[in-house]
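Chemist: Contents are mmCIF, C-alpha atoms; file name coords-v2.cif:
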data_upload
loop_
_atom_site.group_PDB
_atom_site.id
_atom_site.type_symbol
_atom_site.label_atom_id
_atom_site.label_comp_id
_atom_site.auth_asym_id
_atom_site.auth_seq_id
_atom_site.Cartn_x
_atom_site.Cartn_y
_atom_site.Cartn_z
ATOM 1 C CA PRO F 1 -9.745 -9.311 -0.244
ATOM 2 C CA GLY F 2 -9.642 -5.925 -1.980
ATOM 3 C CA PHE F 3 -5.895 -5.665 -1.516
ATOM 4 C CA MET F 4 -5.245 -9.113 -3.012
ATOM 5 C CA GLN F 5 -7.692 -8.516 -5.865
ATOM 6 C CA TYR F 6 -6.072 -5.198 -6.788
ATOM 7 C CA TRP F 7 -2.533 -6.598 -6.942
ATOM 8 C CA GLY F 8 -3.728 -9.779 -8.651
ATOM 9 C CA TRP F 9 -5.310 -7.859 -11.525
ATOM 10 C CA LEU F 10 -2.308 -5.534 -11.711
ATOM 11 C CA PHE F 11 -0.011 -8.560 -12.025
ATOM 12 C CA VAL F 12 -2.165 -10.023 -14.826
ATOM 13 C CA ILE F 13 -2.339 -6.711 -16.739
ATOM 14 C CA VAL F 14 1.411 -6.048 -16.485
ATOM 15 C CA THR F 15 2.185 -9.621 -17.606
ATOM 16 C CA ILE F 16 -0.084 -9.263 -20.661
ATOM 17 C CA LEU F 17 1.435 -5.878 -21.569
ATOM 18 C CA ILE F 18 4.958 -7.286 -21.338
ATOM 19 C CA GLY F 19 3.972 -10.203 -23.562
ATOM 20 C CA ILE F 20 2.481 -7.856 -26.187
ATOM 21 C CA LEU F 21 4.943 -4.969 -26.149
ATOM 22 C CA LYS F 22 8.258 -6.648 -25.342
ATOM 23 C CA SER F 23 10.091 -8.312 -28.221
ATOM 24 C CA GLU F 24 13.224 -10.418 -28.020
ATOM 25 C CA GLU F 25 16.111 -10.501 -30.437
ATOM 26 C CA SER F 26 17.452 -13.870 -31.493
ATOM 27 C CA LYS F 27 21.208 -14.112 -31.020
ATOM 28 C CA ASP F 28 23.664 -16.900 -31.615
ATOM 29 C CA ILE F 29 24.589 -17.925 -28.092
ATOM 30 C CA PRO F 30 27.170 -20.689 -27.654
ATOM 31 C CA ILE F 31 25.742 -23.779 -25.998
ATOM 32 C CA GLU F 32 27.212 -24.317 -22.552
ATOM 33 C CA GLN F 33 28.677 -27.646 -21.585
ATOM 34 C CA THR F 34 26.170 -29.698 -19.620
ATOM 35 C CA HIS F 35 26.883 -32.262 -16.945
ATOM 36 C CA THR F 36 25.065 -35.439 -16.058
ATOM 37 C CA LEU F 37 23.476 -35.942 -12.642
ATOM 38 C CA TYR F 38 26.357 -38.214 -11.634
ATOM 39 C CA GLU F 39 28.953 -35.615 -12.656
ATOM 40 C CA THR F 40 27.090 -32.873 -10.816
ATOM 41 C CA TYR F 41 27.069 -34.821 -7.544
ATOM 42 C CA ASN F 42 30.751 -35.586 -8.013
ATOM 43 C CA HIS F 43 31.360 -31.857 -8.296
ATOM 44 C CA VAL F 44 29.406 -31.259 -5.086
ATOM 45 C CA ILE F 45 31.471 -33.883 -3.234
ATOM 46 C CA SER F 46 34.710 -32.402 -4.565
ATOM 47 C CA ILE F 47 33.614 -28.952 -3.381
ATOM 48 C CA PHE F 48 32.859 -30.288 0.108
ATOM 49 C CA LYS F 49 36.367 -31.782 0.321
ATOM 50 C CA LEU F 50 37.936 -28.324 0.174
ATOM 51 C CA LYS F 51 39.039 -27.186 3.656
ATOM 52 C CA PRO F 52 37.991 -23.521 3.164
ATOM 53 C CA ILE F 53 34.527 -24.662 2.052
ATOM 54 C CA GLN F 54 34.193 -26.918 5.099
ATOM 55 C CA LEU F 55 35.082 -23.979 7.363
ATOM 56 C CA LEU F 56 32.641 -21.731 5.488
ATOM 57 C CA VAL F 57 29.856 -24.312 5.884
ATOM 58 C CA ILE F 58 30.462 -24.532 9.649
ATOM 59 C CA ILE F 59 30.379 -20.748 9.945
ATOM 60 C CA GLN F 60 27.159 -20.448 7.936
ATOM 61 C CA LEU F 61 25.447 -23.222 9.909
ATOM 62 C CA THR F 62 26.270 -21.687 13.299
ATOM 63 C CA SER F 63 26.627 -17.915 12.838
ATOM 64 C CA ARG F 64 22.869 -17.244 13.037
ATOM 65 C CA ILE F 65 22.164 -19.117 16.268
ATOM 66 C CA ALA F 66 22.412 -15.906 18.300
ATOM 67 C CA PHE F 67 19.828 -14.184 16.068
ATOM 68 C CA ALA F 68 17.166 -16.902 16.301
ATOM 69 C CA PRO F 69 15.272 -15.629 19.387
ATOM 70 C CA ALA F 70 15.039 -12.101 17.965
ATOM 71 C CA ASP F 71 14.038 -13.301 14.488
ATOM 72 C CA ALA F 72 11.577 -16.063 15.384
ATOM 73 C CA VAL F 73 10.337 -15.520 18.936
ATOM 74 C CA SER F 74 10.165 -11.772 19.550
ATOM 75 C CA GLY F 75 6.901 -11.312 17.635
ATOM 76 C CA PHE F 76 5.138 -14.039 19.658
ATOM 77 C CA LYS F 77 6.399 -12.603 22.943
ATOM 78 C CA MET F 78 5.207 -9.119 21.974
ATOM 79 C CA GLN F 79 1.732 -10.534 21.358
ATOM 80 C CA GLU F 80 1.883 -12.386 24.663
ATOM 81 C CA TYR F 81 2.764 -9.149 26.471
ATOM 82 C CA GLY F 82 -0.256 -7.347 25.021
ATOM 83 C CA MET F 83 0.716 -5.994 21.607
ATOM 84 C CA SER F 84 -1.885 -6.730 18.927
ATOM 85 C CA LYS F 85 -1.167 -8.389 15.605
ATOM 86 C CA THR F 86 -2.434 -5.263 13.879
ATOM 87 C CA ASP F 87 0.194 -3.099 15.552
ATOM 88 C CA ILE F 88 2.948 -5.523 14.583
ATOM 89 C CA ALA F 89 1.671 -5.874 11.012
ATOM 90 C CA SER F 90 1.493 -2.094 10.554
ATOM 91 C CA ILE F 91 5.300 -1.992 10.547
ATOM 92 C CA SER F 92 5.611 -4.586 7.749
ATOM 93 C CA PRO F 93 5.185 -2.112 4.827
ATOM 94 C CA ILE F 94 8.120 -0.062 6.139
ATOM 95 C CA LEU F 95 10.299 -3.167 6.363
ATOM 96 C CA MET F 96 9.205 -4.174 2.853
ATOM 97 C CA ILE F 97 10.417 -0.845 1.456
ATOM 98 C CA ILE F 98 13.747 -1.347 3.215
ATOM 99 C CA GLY F 99 14.011 -4.851 1.758
ATOM 100 C CA LEU F 100 13.345 -3.607 -1.776
ATOM 101 C CA SER F 101 15.662 -0.602 -1.726
ATOM 102 C CA LEU F 102 18.615 -1.797 0.344
ATOM 103 C CA PRO F 103 20.058 -4.352 -2.156
ATOM 104 C CA ALA F 104 20.213 -1.691 -4.875
ATOM 105 C CA LEU F 105 21.771 0.881 -2.561
ATOM 106 C CA MET F 106 24.355 -1.477 -1.084
ATOM 107 C CA SER F 107 25.305 -3.543 -4.142
ATOM 108 C CA VAL F 108 28.399 -1.536 -5.126
ATOM 109 C CA ALA F 109 29.863 -1.315 -1.626
ATOM 110 C CA VAL F 110 29.116 -4.950 -0.818
ATOM 111 C CA SER F 111 30.555 -6.344 -4.050
ATOM 112 C CA ALA F 112 33.881 -4.596 -3.381
ATOM 113 C CA LYS F 113 34.456 -5.991 0.128
ATOM 114 C CA PRO F 114 31.833 -8.644 0.925
ATOM 115 C CA ILE F 115 33.670 -10.188 3.899
ATOM 116 C CA ASP F 116 34.110 -6.810 5.613
ATOM 117 C CA ILE F 117 30.415 -6.066 5.157
ATOM 118 C CA LEU F 118 29.512 -9.570 6.369
ATOM 119 C CA THR F 119 31.462 -9.251 9.621
ATOM 120 C CA LYS F 120 30.061 -5.774 10.251
ATOM 121 C CA GLY F 121 26.554 -7.043 9.493
ATOM 122 C CA ILE F 122 26.902 -9.905 11.984
ATOM 123 C CA GLY F 123 28.131 -7.508 14.676
ATOM 124 C CA LEU F 124 25.291 -5.094 13.936
ATOM 125 C CA LYS F 125 22.672 -7.847 14.081
ATOM 126 C CA LEU F 126 24.007 -9.078 17.424
ATOM 127 C CA PHE F 127 23.562 -5.524 18.700
ATOM 128 C CA THR F 128 20.069 -5.166 17.226
ATOM 129 C CA SER F 129 19.095 -8.553 18.684
ATOM 130 C CA VAL F 130 19.845 -7.140 22.147
ATOM 131 C CA LEU F 131 17.831 -4.021 21.268
ATOM 132 C CA THR F 132 14.952 -6.253 20.120
ATOM 133 C CA TRP F 133 14.984 -8.031 23.480
ATOM 134 C CA ILE F 134 14.896 -4.660 25.304
ATOM 135 C CA VAL F 135 11.977 -3.431 23.179
ATOM 136 C CA THR F 136 10.131 -6.723 23.744
ATOM 137 C CA MET F 137 10.483 -6.241 27.507
ATOM 138 C CA LEU F 138 9.216 -2.658 27.147
ATOM 139 C CA VAL F 139 6.004 -3.982 25.578
ATOM 140 C CA LYS F 140 4.979 -5.145 29.065
ATOM 141 C CA ILE F 141 5.152 -1.561 30.300
ATOM 142 C CA ALA F 142 3.740 0.099 27.182
ATOM 143 C CA TYR F 143 0.654 -2.173 27.065
ATOM 144 C CA LYS F 144 0.208 -2.631 30.781
ATOM 145 C CA ASP F 145 -2.988 -0.601 31.205
ATOM 146 C CA SER F 146 -4.488 -0.426 27.720
ATOM 147 C CA LYS F 147 -4.300 -1.742 24.173
ATOM 148 C CA SER F 148 -2.913 1.555 22.882
ATOM 149 C CA THR F 149 0.381 3.152 23.780
ATOM 150 C CA HIS F 150 2.469 6.275 23.306
ATOM 151 C CA ILE F 151 3.824 7.234 19.889
ATOM 152 C CA GLY F 152 7.331 7.301 21.354
ATOM 153 C CA PHE F 153 7.253 3.537 21.883
ATOM 154 C CA TYR F 154 6.187 2.951 18.270
ATOM 155 C CA LEU F 155 9.013 5.150 16.995
ATOM 156 C CA LEU F 156 11.510 3.188 19.097
ATOM 157 C CA LEU F 157 10.050 -0.122 17.900
ATOM 158 C CA ILE F 158 10.156 0.944 14.234
ATOM 159 C CA PHE F 159 13.747 2.180 14.585
ATOM 160 C CA VAL F 160 14.927 -1.087 16.154
ATOM 161 C CA MET F 161 13.083 -3.269 13.636
ATOM 162 C CA ILE F 162 14.453 -1.273 10.680
ATOM 163 C CA LEU F 163 17.984 -1.520 12.073
ATOM 164 C CA HIS F 164 17.508 -5.253 12.616
ATOM 165 C CA GLU F 165 16.224 -5.671 9.065
ATOM 166 C CA VAL F 166 19.139 -3.699 7.620
ATOM 167 C CA ALA F 167 21.625 -5.904 9.484
ATOM 168 C CA GLY F 168 19.946 -9.040 8.151
ATOM 169 C CA TYR F 169 20.058 -7.792 4.566
ATOM 170 C CA LEU F 170 23.716 -6.813 4.924
ATOM 171 C CA ILE F 171 24.540 -10.377 5.942
ATOM 172 C CA PHE F 172 22.470 -11.866 3.127
ATOM 173 C CA ILE F 173 23.769 -9.582 0.356
ATOM 174 C CA ALA F 174 27.379 -9.907 1.498
ATOM 175 C CA SER F 175 27.102 -13.703 1.569
ATOM 176 C CA MET F 176 25.663 -13.865 -1.956
ATOM 177 C CA SER F 177 28.327 -11.478 -3.255
ATOM 178 C CA PHE F 178 31.096 -13.529 -1.659
ATOM 179 C CA TYR F 179 29.725 -16.760 -3.158
ATOM 180 C CA ALA F 180 29.678 -15.168 -6.603
ATOM 181 C CA LYS F 181 33.337 -14.199 -6.199
ATOM 182 C CA ILE F 182 34.656 -17.586 -5.082
ATOM 183 C CA SER F 183 32.524 -19.822 -7.320
ATOM 184 C CA ASP F 184 34.357 -21.702 -10.064
ATOM 185 C CA PRO F 185 32.975 -20.368 -13.395
ATOM 186 C CA SER F 186 32.978 -23.859 -14.926
ATOM 187 C CA ILE F 187 30.533 -25.130 -12.265
ATOM 188 C CA GLY F 188 29.265 -21.797 -10.990
ATOM 189 C CA GLY F 189 25.649 -22.911 -10.777
ATOM 190 C CA THR F 190 26.510 -25.953 -8.670
ATOM 191 C CA TYR F 191 28.780 -23.885 -6.437
ATOM 192 C CA MET F 192 26.181 -21.168 -5.845
ATOM 193 C CA THR F 193 23.352 -23.632 -5.277
ATOM 194 C CA LEU F 194 25.366 -25.588 -2.728
ATOM 195 C CA LEU F 195 26.446 -22.536 -0.747
ATOM 196 C CA ASN F 196 22.972 -20.959 -0.906
ATOM 197 C CA THR F 197 21.445 -24.197 0.378
ATOM 198 C CA VAL F 198 23.860 -24.242 3.313
ATOM 199 C CA THR F 199 23.114 -20.577 4.041
ATOM 200 C CA ASN F 200 19.346 -21.134 3.982
ATOM 201 C CA LEU F 201 19.690 -24.163 6.232
ATOM 202 C CA GLY F 202 21.866 -22.167 8.615
ATOM 203 C CA SER F 203 19.241 -19.438 8.856
ATOM 204 C CA LYS F 204 16.217 -21.740 9.276
ATOM 205 C CA TRP F 205 17.261 -24.461 11.719
ATOM 206 C CA PRO F 206 18.068 -22.027 14.582
ATOM 207 C CA GLN F 207 14.651 -20.384 14.173
ATOM 208 C CA SER F 208 12.864 -23.755 14.159
ATOM 209 C CA THR F 209 14.800 -24.786 17.260
ATOM 210 C CA ALA F 210 13.964 -21.509 19.004
ATOM 211 C CA LEU F 211 10.243 -21.993 18.291
ATOM 212 C CA TRP F 212 10.441 -25.592 19.532
ATOM 213 C CA LEU F 213 12.121 -24.466 22.764
ATOM 214 C CA LEU F 214 9.740 -21.527 23.298
ATOM 215 C CA PRO F 215 6.957 -23.405 25.151
ATOM 216 C CA LYS F 216 9.465 -25.583 27.013
ATOM 217 C CA LEU F 217 11.358 -22.579 28.406
ATOM 218 C CA THR F 218 8.330 -20.382 29.122
ATOM 219 C CA PHE F 219 7.402 -20.106 32.801
ATOM 220 C CA THR F 220 4.740 -18.016 34.516
ATOM 221 C CA THR F 221 4.916 -16.934 38.162
ATOM 222 C CA CYS F 222 1.490 -16.742 39.842
ATOM 223 C CA LYS F 223 0.412 -15.914 43.375
ATOM 224 C CA HIS F 224 -1.916 -18.340 45.171
ATOM 225 C CA LYS F 225 -5.086 -16.597 46.390
ATOM 226 C CA GLU F 226 -5.161 -18.303 49.808
ATOM 227 C CA THR F 227 -1.523 -18.817 50.737
ATOM 228 C CA MET F 228 -0.229 -15.784 48.778
ATOM 229 C CA LYS F 229 2.793 -17.820 47.778
ATOM 230 C CA ASN F 230 4.384 -17.616 44.362
ATOM 231 C CA ILE F 231 3.767 -20.618 42.091
ATOM 232 C CA VAL F 232 5.813 -21.200 38.947
ATOM 233 C CA LEU F 233 3.844 -22.726 36.083
ATOM 234 C CA GLY F 234 5.462 -24.183 32.978
ATOM 235 C CA ASN F 235 3.875 -23.072 29.687
ATOM 236 C CA GLN F 236 0.645 -22.007 31.448
ATOM 237 C CA TYR F 237 -1.117 -18.817 32.348
ATOM 238 C CA CYS F 238 -2.370 -17.755 35.772
#
Can you dump the structure from the file as structure tokens?

Modeler:
Amino acid sequence: PGFMQYWGWLFVIVTILIGILKSEESKDIPIEQTHTLYETYNHVISIFKLKPIQLLVIIQLTSRIAFAPADAVSGFKMQEYGMSKTDIASISPILMIIGLSLPALMSVAVSAKPIDILTKGIGLKLFTSVLTWIVTMLVKIAYKDSKSTHIGFYLLLIFVMILHEVAGYLIFIASMSFYAKISDPSIGGTYMTLLNTVTNLGSKWPQSTALWLLPKLTFTTCKHKETMKNIVLGNQYC
């Protein structure tokens, strides 16, 4: 509550100060040509008819499937293997700093060659997804005997999560920069909105599918007390 109250009041104070101290100059800006709803949808359909756009849509809808388990499921599996929510949440401020600073640091390089950065970002995130799986498996060992673990494991976890976050931001920034380059200036807003919508859909549906499959593909092996035989349970605990 104290955290939310502090930032809430800070937001209100800064907003009031901007309203009082900031003045705007009136300039004669030419009125842009507007389109009706019917014309806008016609533009969207015409964009979809372009072969390169169709290929781009397919790529954006499928390229993030491999990342879904690492992005959506790893946190739940870490908790299942003994890691507390507090330990996981303690890394969030570090990732937030990365998310705020990386776009500014990478903007110049990404805008020059967005496709090169995009392909490198996808390769890096595939690699960090494998590292995330390895770290998730190590949680079993790190939290086997107690709720606390060695600092070395936390350093490894933070390193992998930062690398994974950097790869994700590289993909996102490169995609936005590429869309800005290829968008037709006359209908730039429609172009950008369409491609951003496809990108968001391509990043969300694999995660939703991964979460839906999580309980269906989770199995627990238990040992019967009397027969001492292994019993496999679906979505249950021993």

Chemist: Near Trp133 of chain F, counting all atoms listed in the file, which residues have an atom at most 9 Å away, once you skip same-chain residues fewer than 4 positions from it, shown as a VMD selection string?

Modeler: chain F and resid 69 to 70 74 128 to 129 137 to 138

Chemist: Which value, in Å to one decimal, gives the distance between atom CA of Lys51 of chain F and atom CA of Lys181 of chain F?

Modeler: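 Answer for the atom CA of Lys51 of chain F to atom CA of Lys181 of chain F separation: 17.3 Å.
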
Chemist: Pick from F:Ile158, F:Val110, F:Leu131, F:Met176: nearest to Ala89 of chain F, with only C-alpha atoms counted?

Modeler: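 Ranking F:Ile158, F:Val110, F:Leu131, F:Met176 by distance to Ala89 of chain F, first place goes to F:Ile158.
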
Chemist: Let me know the residues the PyMOL selection byres ((chain F and resi 187) around 12) catches in the file above, as a PyMOL selection string.

Modeler: chain F and resi 32-35+39-44+46-47+180+182-186+188-194

Chemist: Would you mind telling me which residue in F:Trp7, F:Thr197, F:Leu17, F:Thr132 lies nearest to Ala72 of chain F when using only C-alpha atoms?

Modeler: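 Of the candidates, the smallest distance to Ala72 of chain F is held by F:Thr132.
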